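Trainee: Got a structure for you, written out below as structure tokens; questions coming shortly.
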Amino acid sequence: MPQAPTQRRNIAPEIEHDLVRDPRLGYEAPVDQEFVRCVEHGSPTPLERWHCHDEYELQLIVGAHGRAFVGDYVGFFEPGHLVLTGPRLPHNWVSTDLPPDGLAVRSLVVQFREGPLRDGMRVIRELEETLPLLERARHGIEFFGLSDTVRERFYRIKQSHGLERFAEFAQLLCLLGRCTDYRLLSSDYLPVNGPDLTLSAINKVVAHVNTHYAEALPLGEMGGLVGMGESAFSRFFSKSTGLTFTTYVNRLRVNRACQLLMERDSYVSSVCYAVGFNNVANFNRRFLEVKGMTPTQFRKQAAGRFAEG
């Protein structure tokens with residue numbers, strides 16, 4: 001029997017603007033808000049909500065445990081959990097084990113805008129070192145082994161102003177950009193190894209897949225896009241990305257399914273066919289491989305992103 005759709009509700013993330021950034025919630029006073037903004041807040045708080053904003057945000061959990069929601073990622077957090085999210089990437093951290101009186105400080109947050117960094121890159125080439133970090137952050141990055149250092153750096157940024165604050169912030173960006181112990185949380189990310197010609201060819205294939213993921217994608221047709229035969233393309237894709245083409249397509253389709261499960265009340269079977277899988281059993285297997293849970297379980301857990309402390 002098909003799964004009944006869930007009750008319809010407003011499931012779009014709230015878009016956060018400066019007007020709601022009240023110092024009583026832990027934000028710095030407007031006079032202190034510079035290119036880099038520091039936020040130190042407790043829990044429960046109105047800030048625990050499914051939302052997004054135009055800034056990059058580095059969040060360090062220093063108290064409480066709970067569930068983390070970043071894009072289509074659903075997981076757990078505990079003290080030391082450190083995540084960088086990119087612009088307009090929805091997120092929420094919902095505390096689940098608060099003491100009766102709550103916590104005075106649960107999270108240390110650094111927000112910064114992309115525009116000034118991009119403008120600075122035109123005249124200060126050293127800033128270009130941050131580009132790979134900024135691109136990865138669009139998927140959400142969880143870092144490991146940096147929590148103590150970042151906590152110290154947060155207070156150094158918070159207590160400084162002007163050029164000194166930017167210098168402290170630049171040290172933080174350098175630390176994050178050079179960290180190799182991390183994982184990406186949301187949506188599909190495809191690292192490409194090789195020269196510019198390789199990147200160009202893979203990008204051409206990826207662009208086609210992003211548009212036609214719900215259709216059949218035979219290897220021969222994909223190879224034809226970049227002037228290769230089926231076998232040659234299969235080897236080329238695997239060597240360049242570390243994934244087979246089929247694995248990549250399955251991951252992409254599962255991630256598209258996550259978006260539909262979070263944004264619509266459609267039947268799971270309808271989502272299955274909408275993203276290009278031919279039967280529900282195969283969809284469930286591939287979804288479980290990628291997300292570690294079934295589509296139904298994912299939808300149920302993802303609903304927790306609306307919980308408030």
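Labels used: A, B, ... for chains in the order of the structure tokens, numbers from 1 for residues in each chain, and numbers from 1 for ligands as shown.
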Pick out the residues sitting within 10 Å of Leu131 in chain A, and hand them over as a VMD selection string; count only C-alpha atoms, and ignore anything fewer than 6 positions along from it in its own chain.

Mentor: chain A and resid 117 to 118 121 137 177

Trainee: Could you please take those selected residues and save N, CA and C atoms as a PDB file, in the first residue's frame?

Mentor:
ATOM      1  N   LEU A 117      35.329  39.271   0.303  1.00  0.00           N
ATOM      2  CA  LEU A 117      36.434  38.362   0.000  1.00  0.00           C
ATOM      3  C   LEU A 117      36.673  38.296  -1.500  1.00  0.00           C
ATOM      4  N   ARG A 118      35.601  38.154  -2.267  1.00  0.00           N
ATOM      5  CA  ARG A 118      35.727  38.092  -3.722  1.00  0.00           C
ATOM      6  C   ARG A 118      36.323  39.384  -4.272  1.00  0.00           C
ATOM      7  N   MET A 121      40.033  39.533  -3.655  1.00  0.00           N
ATOM      8  CA  MET A 121      40.847  38.640  -4.477  1.00  0.00           C
ATOM      9  C   MET A 121      41.335  39.315  -5.759  1.00  0.00           C
ATOM     10  N   ALA A 137      32.237  24.680   1.158  1.00  0.00           N
ATOM     11  CA  ALA A 137      31.285  25.096   2.192  1.00  0.00           C
ATOM     12  C   ALA A 137      29.863  25.170   1.673  1.00  0.00           C
ATOM     13  N   GLY A 177      41.080  26.123   5.734  1.00  0.00           N
ATOM     14  CA  GLY A 177      41.399  25.788   4.355  1.00  0.00           C
ATOM     15  C   GLY A 177      42.451  24.706   4.226  1.00  0.00           C
TER      16      GLY A 177
END

Trainee: Using DSSP assignments from the backbone, pull out every residue in range 53-178 of chain A that falls under strand (DSSP E) and give it to me as an NGL selection string.

Mentor: :A and (56-61 or 66-70 or 73-77 or 82-85 or 91-95 or 103-112 or 141-143)

Trainee: Excluding same-chain residues fewer than 2 positions from Ser238 in chain A, what lies within 12 Å of it counting only C-alpha atoms, as a PDB file with N, CA, C and O atoms, in the first residue's frame?

Mentor:
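And here's out-v6.pdb as it stands now:
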ATOM      1  N   LEU A 190      31.615  16.314  -6.257  1.00  0.00           N
ATOM      2  CA  LEU A 190      32.419  15.462  -7.118  1.00  0.00           C
ATOM      3  C   LEU A 190      33.811  16.056  -7.291  1.00  0.00           C
ATOM      4  O   LEU A 190      34.025  16.932  -8.129  1.00  0.00           O
ATOM      5  N   PRO A 191      34.788  15.621  -6.490  1.00  0.00           N
ATOM      6  CA  PRO A 191      36.151  16.118  -6.679  1.00  0.00           C
ATOM      7  C   PRO A 191      36.750  15.554  -7.960  1.00  0.00           C
ATOM      8  O   PRO A 191      36.582  14.377  -8.273  1.00  0.00           O
ATOM      9  N   VAL A 192      37.448  16.394  -8.705  1.00  0.00           N
ATOM     10  CA  VAL A 192      38.029  15.974  -9.978  1.00  0.00           C
ATOM     11  C   VAL A 192      39.539  16.127  -9.910  1.00  0.00           C
ATOM     12  O   VAL A 192      40.060  17.182  -9.537  1.00  0.00           O
ATOM     13  N   ASN A 193      40.243  15.057 -10.278  1.00  0.00           N
ATOM     14  CA  ASN A 193      41.703  15.067 -10.302  1.00  0.00           C
ATOM     15  C   ASN A 193      42.193  15.099 -11.749  1.00  0.00           C
ATOM     16  O   ASN A 193      41.764  14.291 -12.562  1.00  0.00           O
ATOM     17  N   GLY A 194      43.062  16.030 -12.049  1.00  0.00           N
ATOM     18  CA  GLY A 194      43.608  16.072 -13.393  1.00  0.00           C
ATOM     19  C   GLY A 194      43.729  17.490 -13.907  1.00  0.00           C
ATOM     20  O   GLY A 194      43.383  18.460 -13.220  1.00  0.00           O
ATOM     21  N   THR A 198      40.648  17.803 -18.327  1.00  0.00           N
ATOM     22  CA  THR A 198      39.874  16.783 -17.615  1.00  0.00           C
ATOM     23  C   THR A 198      38.698  17.414 -16.889  1.00  0.00           C
ATOM     24  O   THR A 198      37.555  16.927 -16.964  1.00  0.00           O
ATOM     25  N   ILE A 202      34.694  16.583 -17.516  1.00  0.00           N
ATOM     26  CA  ILE A 202      33.833  16.107 -16.435  1.00  0.00           C
ATOM     27  C   ILE A 202      32.698  17.095 -16.193  1.00  0.00           C
ATOM     28  O   ILE A 202      31.533  16.704 -16.000  1.00  0.00           O
ATOM     29  N   SER A 231      33.750   2.279 -23.125  1.00  0.00           N
ATOM     30  CA  SER A 231      34.757   1.756 -22.200  1.00  0.00           C
ATOM     31  C   SER A 231      35.761   2.828 -21.803  1.00  0.00           C
ATOM     32  O   SER A 231      36.142   2.941 -20.625  1.00  0.00           O
ATOM     33  N   ALA A 232      36.189   3.617 -22.784  1.00  0.00           N
ATOM     34  CA  ALA A 232      37.157   4.670 -22.499  1.00  0.00           C
ATOM     35  C   ALA A 232      36.574   5.699 -21.540  1.00  0.00           C
ATOM     36  O   ALA A 232      37.241   6.163 -20.602  1.00  0.00           O
ATOM     37  N   PHE A 233      35.306   6.053 -21.744  1.00  0.00           N
ATOM     38  CA  PHE A 233      34.672   7.026 -20.858  1.00  0.00           C
ATOM     39  C   PHE A 233      34.543   6.476 -19.448  1.00  0.00           C
ATOM     40  O   PHE A 233      34.779   7.185 -18.466  1.00  0.00           O
ATOM     41  N   SER A 234      34.168   5.201 -19.337  1.00  0.00           N
ATOM     42  CA  SER A 234      34.017   4.591 -18.019  1.00  0.00           C
ATOM     43  C   SER A 234      35.329   4.652 -17.240  1.00  0.00           C
ATOM     44  O   SER A 234      35.355   5.028 -16.060  1.00  0.00           O
ATOM     45  N   ARG A 235      36.448   4.314 -17.910  1.00  0.00           N
ATOM     46  CA  ARG A 235      37.753   4.367 -17.248  1.00  0.00           C
ATOM     47  C   ARG A 235      38.135   5.804 -16.910  1.00  0.00           C
ATOM     48  O   ARG A 235      38.658   6.095 -15.830  1.00  0.00           O
ATOM     49  N   PHE A 236      37.881   6.713 -17.854  1.00  0.00           N
ATOM     50  CA  PHE A 236      38.221   8.123 -17.659  1.00  0.00           C
ATOM     51  C   PHE A 236      37.473   8.716 -16.465  1.00  0.00           C
ATOM     52  O   PHE A 236      38.065   9.404 -15.617  1.00  0.00           O
ATOM     53  N   SER A 240      39.272   9.937 -12.975  1.00  0.00           N
ATOM     54  CA  SER A 240      39.248  11.380 -12.714  1.00  0.00           C
ATOM     55  C   SER A 240      38.509  11.741 -11.431  1.00  0.00           C
ATOM     56  O   SER A 240      38.805  12.769 -10.814  1.00  0.00           O
ATOM     57  N   THR A 241      37.545  10.922 -11.022  1.00  0.00           N
ATOM     58  CA  THR A 241      36.708  11.274  -9.881  1.00  0.00           C
ATOM     59  C   THR A 241      36.792  10.307  -8.706  1.00  0.00           C
ATOM     60  O   THR A 241      36.348  10.640  -7.601  1.00  0.00           O
ATOM     61  N   GLY A 242      37.321   9.120  -8.928  1.00  0.00           N
ATOM     62  CA  GLY A 242      37.351   8.115  -7.871  1.00  0.00           C
ATOM     63  C   GLY A 242      36.039   7.386  -7.704  1.00  0.00           C
ATOM     64  O   GLY A 242      35.878   6.584  -6.778  1.00  0.00           O
ATOM     65  N   LEU A 243      35.076   7.643  -8.592  1.00  0.00           N
ATOM     66  CA  LEU A 243      33.760   6.993  -8.548  1.00  0.00           C
ATOM     67  C   LEU A 243      33.435   6.412  -9.911  1.00  0.00           C
ATOM     68  O   LEU A 243      33.822   6.973 -10.941  1.00  0.00           O
ATOM     69  N   THR A 244      32.698   5.308  -9.924  1.00  0.00           N
ATOM     70  CA  THR A 244      32.154   4.863 -11.195  1.00  0.00           C
ATOM     71  C   THR A 244      31.042   5.822 -11.598  1.00  0.00           C
ATOM     72  O   THR A 244      30.442   6.490 -10.746  1.00  0.00           O
ATOM     73  N   PHE A 245      30.747   5.876 -12.890  1.00  0.00           N
ATOM     74  CA  PHE A 245      29.695   6.780 -13.344  1.00  0.00           C
ATOM     75  C   PHE A 245      28.353   6.383 -12.731  1.00  0.00           C
ATOM     76  O   PHE A 245      27.570   7.243 -12.325  1.00  0.00           O
ATOM     77  N   THR A 246      28.085   5.089 -12.640  1.00  0.00           N
ATOM     78  CA  THR A 246      26.816   4.619 -12.065  1.00  0.00           C
ATOM     79  C   THR A 246      26.689   5.040 -10.610  1.00  0.00           C
ATOM     80  O   THR A 246      25.620   5.470 -10.166  1.00  0.00           O
ATOM     81  N   THR A 247      27.790   4.924  -9.854  1.00  0.00           N
ATOM     82  CA  THR A 247      27.754   5.333  -8.447  1.00  0.00           C
ATOM     83  C   THR A 247      27.452   6.819  -8.332  1.00  0.00           C
ATOM     84  O   THR A 247      26.650   7.247  -7.491  1.00  0.00           O
ATOM     85  N   TYR A 248      28.086   7.626  -9.194  1.00  0.00           N
ATOM     86  CA  TYR A 248      27.838   9.063  -9.157  1.00  0.00           C
ATOM     87  C   TYR A 248      26.375   9.377  -9.459  1.00  0.00           C
ATOM     88  O   TYR A 248      25.745  10.181  -8.762  1.00  0.00           O
TER      89      TYR A 248
END

Trainee: Name the residues in contact with Ser43 in chain A at a cut-off of 7 Å, using only C-alpha atoms, excluding same-chain residues fewer than 2 positions from it; report them as a list in words.

Mentor: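 The residues satisfying every condition are His41, Thr45, Gly102, Leu103, Ala104, Arg106 and Gly309 of chain A.
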
Trainee: Output the selection as a PDB file, in the first residue's frame - N, CA, C and O atoms for each residue.

Mentor:
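Written file, part_33.pdb:
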ATOM      1  N   HIS A  41      25.660  32.163  21.598  1.00  0.00           N
ATOM      2  CA  HIS A  41      24.288  32.034  22.095  1.00  0.00           C
ATOM      3  C   HIS A  41      24.075  30.736  22.849  1.00  0.00           C
ATOM      4  O   HIS A  41      24.797  29.755  22.674  1.00  0.00           O
ATOM      5  N   THR A  45      16.669  28.765  22.275  1.00  0.00           N
ATOM      6  CA  THR A  45      16.744  30.092  21.695  1.00  0.00           C
ATOM      7  C   THR A  45      15.920  30.133  20.405  1.00  0.00           C
ATOM      8  O   THR A  45      15.812  29.111  19.724  1.00  0.00           O
ATOM      9  N   GLY A 102      18.272  25.376  30.862  1.00  0.00           N
ATOM     10  CA  GLY A 102      18.923  25.630  29.582  1.00  0.00           C
ATOM     11  C   GLY A 102      20.414  25.861  29.717  1.00  0.00           C
ATOM     12  O   GLY A 102      21.011  25.638  30.774  1.00  0.00           O
ATOM     13  N   LEU A 103      21.041  26.300  28.636  1.00  0.00           N
ATOM     14  CA  LEU A 103      22.476  26.576  28.610  1.00  0.00           C
ATOM     15  C   LEU A 103      22.708  28.038  28.276  1.00  0.00           C
ATOM     16  O   LEU A 103      22.091  28.586  27.355  1.00  0.00           O
ATOM     17  N   ALA A 104      23.621  28.661  29.000  1.00  0.00           N
ATOM     18  CA  ALA A 104      23.962  30.051  28.710  1.00  0.00           C
ATOM     19  C   ALA A 104      24.710  30.168  27.393  1.00  0.00           C
ATOM     20  O   ALA A 104      24.516  31.118  26.631  1.00  0.00           O
ATOM     21  N   ARG A 106      25.697  27.620  24.152  1.00  0.00           N
ATOM     22  CA  ARG A 106      25.716  26.338  23.447  1.00  0.00           C
ATOM     23  C   ARG A 106      26.587  26.407  22.213  1.00  0.00           C
ATOM     24  O   ARG A 106      27.288  25.446  21.873  1.00  0.00           O
ATOM     25  N   GLY A 309      13.958  24.751  20.484  1.00  0.00           N
ATOM     26  CA  GLY A 309      14.324  24.476  21.868  1.00  0.00           C
ATOM     27  C   GLY A 309      13.356  25.099  22.850  1.00  0.00           C
ATOM     28  O   GLY A 309      12.565  25.943  22.520  1.00  0.00           O
TER      29      GLY A 309
END

Trainee: As a list in words, please: the residues near Ala216 in chain A (cut-off 12 Å, only C-alpha atoms, same-chain neighbours under 6 positions excluded).

Mentor: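 Skipping anything fewer than 6 positions along the chain leaves His208, Val209, Met222, Thr246, Val249, Asn250, Arg253, Tyr273, Val275, Gly276, Phe277 and Asn278 of chain A.
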
Trainee: For those residues, write N, CA, C and O atoms to a file as a PDB file, in the first residue's frame.

Mentor:
ATOM      1  N   HIS A 208      25.242  17.830 -17.995  1.00  0.00           N
ATOM      2  CA  HIS A 208      24.212  17.044 -18.687  1.00  0.00           C
ATOM      3  C   HIS A 208      23.428  16.191 -17.690  1.00  0.00           C
ATOM      4  O   HIS A 208      22.189  16.132 -17.748  1.00  0.00           O
ATOM      5  N   VAL A 209      24.145  15.548 -16.775  1.00  0.00           N
ATOM      6  CA  VAL A 209      23.489  14.697 -15.789  1.00  0.00           C
ATOM      7  C   VAL A 209      22.583  15.522 -14.878  1.00  0.00           C
ATOM      8  O   VAL A 209      21.465  15.103 -14.537  1.00  0.00           O
ATOM      9  N   MET A 222      27.039   9.207 -22.789  1.00  0.00           N
ATOM     10  CA  MET A 222      27.875  10.104 -21.987  1.00  0.00           C
ATOM     11  C   MET A 222      29.265  10.250 -22.609  1.00  0.00           C
ATOM     12  O   MET A 222      29.820  11.341 -22.675  1.00  0.00           O
ATOM     13  N   THR A 246      28.085   5.089 -12.640  1.00  0.00           N
ATOM     14  CA  THR A 246      26.816   4.619 -12.065  1.00  0.00           C
ATOM     15  C   THR A 246      26.689   5.040 -10.610  1.00  0.00           C
ATOM     16  O   THR A 246      25.620   5.470 -10.166  1.00  0.00           O
ATOM     17  N   VAL A 249      25.828   8.755 -10.490  1.00  0.00           N
ATOM     18  CA  VAL A 249      24.431   9.021 -10.860  1.00  0.00           C
ATOM     19  C   VAL A 249      23.491   8.600  -9.730  1.00  0.00           C
ATOM     20  O   VAL A 249      22.535   9.316  -9.401  1.00  0.00           O
ATOM     21  N   ASN A 250      23.752   7.444  -9.116  1.00  0.00           N
ATOM     22  CA  ASN A 250      22.896   7.006  -8.011  1.00  0.00           C
ATOM     23  C   ASN A 250      22.937   8.000  -6.857  1.00  0.00           C
ATOM     24  O   ASN A 250      21.901   8.316  -6.246  1.00  0.00           O
ATOM     25  N   ARG A 253      20.946  11.105  -7.818  1.00  0.00           N
ATOM     26  CA  ARG A 253      19.503  10.861  -7.775  1.00  0.00           C
ATOM     27  C   ARG A 253      19.003  10.760  -6.335  1.00  0.00           C
ATOM     28  O   ARG A 253      17.923  11.271  -6.009  1.00  0.00           O
ATOM     29  N   TYR A 273      10.343   7.576  -8.848  1.00  0.00           N
ATOM     30  CA  TYR A 273      10.300   7.688 -10.311  1.00  0.00           C
ATOM     31  C   TYR A 273      10.679   9.098 -10.779  1.00  0.00           C
ATOM     32  O   TYR A 273      11.245   9.264 -11.857  1.00  0.00           O
ATOM     33  N   VAL A 275      13.024  10.951  -9.746  1.00  0.00           N
ATOM     34  CA  VAL A 275      14.470  11.179  -9.802  1.00  0.00           C
ATOM     35  C   VAL A 275      15.197  10.162 -10.686  1.00  0.00           C
ATOM     36  O   VAL A 275      16.432  10.182 -10.767  1.00  0.00           O
ATOM     37  N   GLY A 276      14.453   9.260 -11.345  1.00  0.00           N
ATOM     38  CA  GLY A 276      15.088   8.412 -12.342  1.00  0.00           C
ATOM     39  C   GLY A 276      15.277   6.958 -11.991  1.00  0.00           C
ATOM     40  O   GLY A 276      15.849   6.201 -12.785  1.00  0.00           O
ATOM     41  N   PHE A 277      14.812   6.517 -10.809  1.00  0.00           N
ATOM     42  CA  PHE A 277      14.896   5.092 -10.489  1.00  0.00           C
ATOM     43  C   PHE A 277      13.694   4.369 -11.109  1.00  0.00           C
ATOM     44  O   PHE A 277      12.602   4.927 -11.198  1.00  0.00           O
ATOM     45  N   ASN A 278      13.924   3.110 -11.505  1.00  0.00           N
ATOM     46  CA  ASN A 278      12.893   2.365 -12.237  1.00  0.00           C
ATOM     47  C   ASN A 278      11.964   1.563 -11.342  1.00  0.00           C
ATOM     48  O   ASN A 278      10.895   1.146 -11.781  1.00  0.00           O
TER      49      ASN A 278
END

Trainee: Do you have the CA of Arg136 in chain A-CA of Gly86 in chain A distance handy?

Mentor: 8.1 Å

Trainee: Got a sec: who's within 12 Å of Leu175 in chain A, counting only C-alpha atoms, leaving out chain neighbours fewer than 6 positions off, as a list in words?

Mentor: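 Using only C-alpha atoms, the neighbours found are Glu129, Thr130, Leu133, Phe143, Phe144, Gly145, Leu146, Ser147, Thr149, Val150, Arg153, Glu168, Phe169 and Asp181 of chain A.
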
Trainee: Taking only range 161-305 of chain A into account, list the residues labelled helix (DSSP H, G or I) by DSSP (computed from the backbone), as a ChimeraX atom specification.

Mentor: /A:162-177,196-212,219-225,230-241,245-263,268-274,280-291,295-305

Trainee: Report as a PyMOL selection string all protein, DNA and RNA residues lying within 7 Å of range 51-65 of chain A, evaluated on only C-alpha atoms, omitting residues in the same chain fewer than 3 positions from it.

Mentor: chain A and resi 13-17+77-92+95-98+105-114

Trainee: Give me, as CSV, the closest atom pair and its distance (Å, one decimal) for every residue of range 21-97 of chain A within a cut-off of 12 Å of range 254-271 of chain A, counting only C-alpha atoms, rows sorted by chain and rising number.

Mentor:
residue,atom,partner,partner_atom,distance
A:Trp50,CA,A:Met262,CA,11.7
A:Phe69,CA,A:Met262,CA,11.3
A:Val70,CA,A:Gln259,CA,11.7
A:Gly71,CA,A:Gln259,CA,8.3
A:Asp72,CA,A:Cys258,CA,5.9
A:Tyr73,CA,A:Cys258,CA,8.8
A:Val74,CA,A:Cys258,CA,10.4
A:Pro90,CA,A:Met262,CA,11.4

Trainee: I need the residues from that last selection saved to file as a JSON list (two decimals), in the first residue's frame (with all heavy atoms), if you can.

Mentor:
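Below you can see out.json, which holds the result:
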[["chain", "number", "residue", "atom", "x", "y", "z"],
["A", 50, "TRP", "N", 14.88, 26.20, 11.36],
["A", 50, "TRP", "CA", 15.30, 25.82, 10.01],
["A", 50, "TRP", "C", 15.40, 27.11, 9.19],
["A", 50, "TRP", "O", 14.40, 27.75, 8.89],
["A", 50, "TRP", "CB", 14.27, 24.86, 9.43],
["A", 50, "TRP", "CG", 14.54, 24.33, 8.05],
["A", 50, "TRP", "CD1", 13.73, 24.46, 6.96],
["A", 50, "TRP", "CD2", 15.64, 23.54, 7.61],
["A", 50, "TRP", "NE1", 14.27, 23.82, 5.88],
["A", 50, "TRP", "CE2", 15.45, 23.24, 6.25],
["A", 50, "TRP", "CE3", 16.80, 23.07, 8.23],
["A", 50, "TRP", "CZ2", 16.35, 22.49, 5.50],
["A", 50, "TRP", "CZ3", 17.70, 22.32, 7.50],
["A", 50, "TRP", "CH2", 17.48, 22.04, 6.15],
["A", 69, "PHE", "N", 21.02, 19.40, 11.16],
["A", 69, "PHE", "CA", 20.37, 19.39, 9.85],
["A", 69, "PHE", "C", 21.08, 20.42, 8.98],
["A", 69, "PHE", "O", 21.04, 21.62, 9.27],
["A", 69, "PHE", "CB", 18.89, 19.73, 9.98],
["A", 69, "PHE", "CG", 18.13, 18.82, 10.92],
["A", 69, "PHE", "CD1", 18.03, 19.13, 12.27],
["A", 69, "PHE", "CD2", 17.55, 17.66, 10.46],
["A", 69, "PHE", "CE1", 17.35, 18.30, 13.14],
["A", 69, "PHE", "CE2", 16.86, 16.81, 11.31],
["A", 69, "PHE", "CZ", 16.76, 17.13, 12.65],
["A", 70, "VAL", "N", 21.75, 19.95, 7.92],
["A", 70, "VAL", "CA", 22.48, 20.83, 7.01],
["A", 70, "VAL", "C", 22.10, 20.44, 5.59],
["A", 70, "VAL", "O", 22.49, 19.37, 5.12],
["A", 70, "VAL", "CB", 24.00, 20.73, 7.20],
["A", 70, "VAL", "CG1", 24.73, 21.65, 6.22],
["A", 70, "VAL", "CG2", 24.39, 21.08, 8.64],
["A", 71, "GLY", "N", 21.30, 21.28, 4.91],
["A", 71, "GLY", "CA", 20.81, 20.88, 3.59],
["A", 71, "GLY", "C", 20.02, 19.59, 3.70],
["A", 71, "GLY", "O", 19.05, 19.50, 4.45],
["A", 72, "ASP", "N", 20.47, 18.54, 2.98],
["A", 72, "ASP", "CA", 19.79, 17.26, 3.08],
["A", 72, "ASP", "C", 20.51, 16.29, 4.02],
["A", 72, "ASP", "O", 20.21, 15.10, 4.03],
["A", 72, "ASP", "CB", 19.60, 16.63, 1.69],
["A", 72, "ASP", "CG", 20.93, 16.39, 0.98],
["A", 72, "ASP", "OD1", 21.98, 16.31, 1.64],
["A", 72, "ASP", "OD2", 20.91, 16.27, -0.26],
["A", 73, "TYR", "N", 21.43, 16.81, 4.83],
["A", 73, "TYR", "CA", 22.13, 15.98, 5.81],
["A", 73, "TYR", "C", 21.35, 15.95, 7.12],
["A", 73, "TYR", "O", 20.88, 16.97, 7.60],
["A", 73, "TYR", "CB", 23.54, 16.52, 6.07],
["A", 73, "TYR", "CG", 24.22, 15.88, 7.27],
["A", 73, "TYR", "CD1", 24.82, 14.62, 7.15],
["A", 73, "TYR", "CD2", 24.27, 16.53, 8.49],
["A", 73, "TYR", "CE1", 25.44, 14.04, 8.25],
["A", 73, "TYR", "CE2", 24.89, 15.95, 9.59],
["A", 73, "TYR", "CZ", 25.47, 14.70, 9.45],
["A", 73, "TYR", "OH", 26.08, 14.11, 10.54],
["A", 74, "VAL", "N", 21.23, 14.76, 7.69],
["A", 74, "VAL", "CA", 20.62, 14.57, 9.00],
["A", 74, "VAL", "C", 21.60, 13.78, 9.85],
["A", 74, "VAL", "O", 22.03, 12.68, 9.46],
["A", 74, "VAL", "CB", 19.29, 13.80, 8.90],
["A", 74, "VAL", "CG1", 18.70, 13.58, 10.30],
["A", 74, "VAL", "CG2", 18.30, 14.53, 8.01],
["A", 90, "PRO", "N", 20.39, 25.81, 3.89],
["A", 90, "PRO", "CA", 19.56, 25.72, 5.10],
["A", 90, "PRO", "C", 20.21, 24.86, 6.17],
["A", 90, "PRO", "O", 20.88, 23.86, 5.86],
["A", 90, "PRO", "CB", 18.26, 25.08, 4.59],
["A", 90, "PRO", "CG", 18.26, 25.32, 3.12],
["A", 90, "PRO", "CD", 19.70, 25.28, 2.70]]

Trainee: May I ask for the distance between CA of Leu25 in chain A and CA of Arg49 in chain A, given in Å to one decimal place?

Mentor: 13.2 Å

Trainee: Would you mind telling me which residue in A:Ala281, A:Phe35, A:Arg24, A:Gln297 lies nearest to Arg165 in chain A when using only C-alpha atoms?

Mentor: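 Of all the options, A:Phe35 lies closest to Arg165 in chain A.
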
Trainee: Quote the spacing between CA of Val290 in chain A and CA of Ala302 in chain A in Å to one decimal place.

Mentor: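 Interatomic distance, CA of Val290 in chain A to CA of Ala302 in chain A: 15.4 Å.
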
Trainee: With distances taken over only C-alpha atoms, which residue among A:Ala167, A:Leu127, A:Phe237, A:Asn203 lies nearest Leu219 in chain A?

Mentor: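 Nearest to Leu219 in chain A: A:Phe237.
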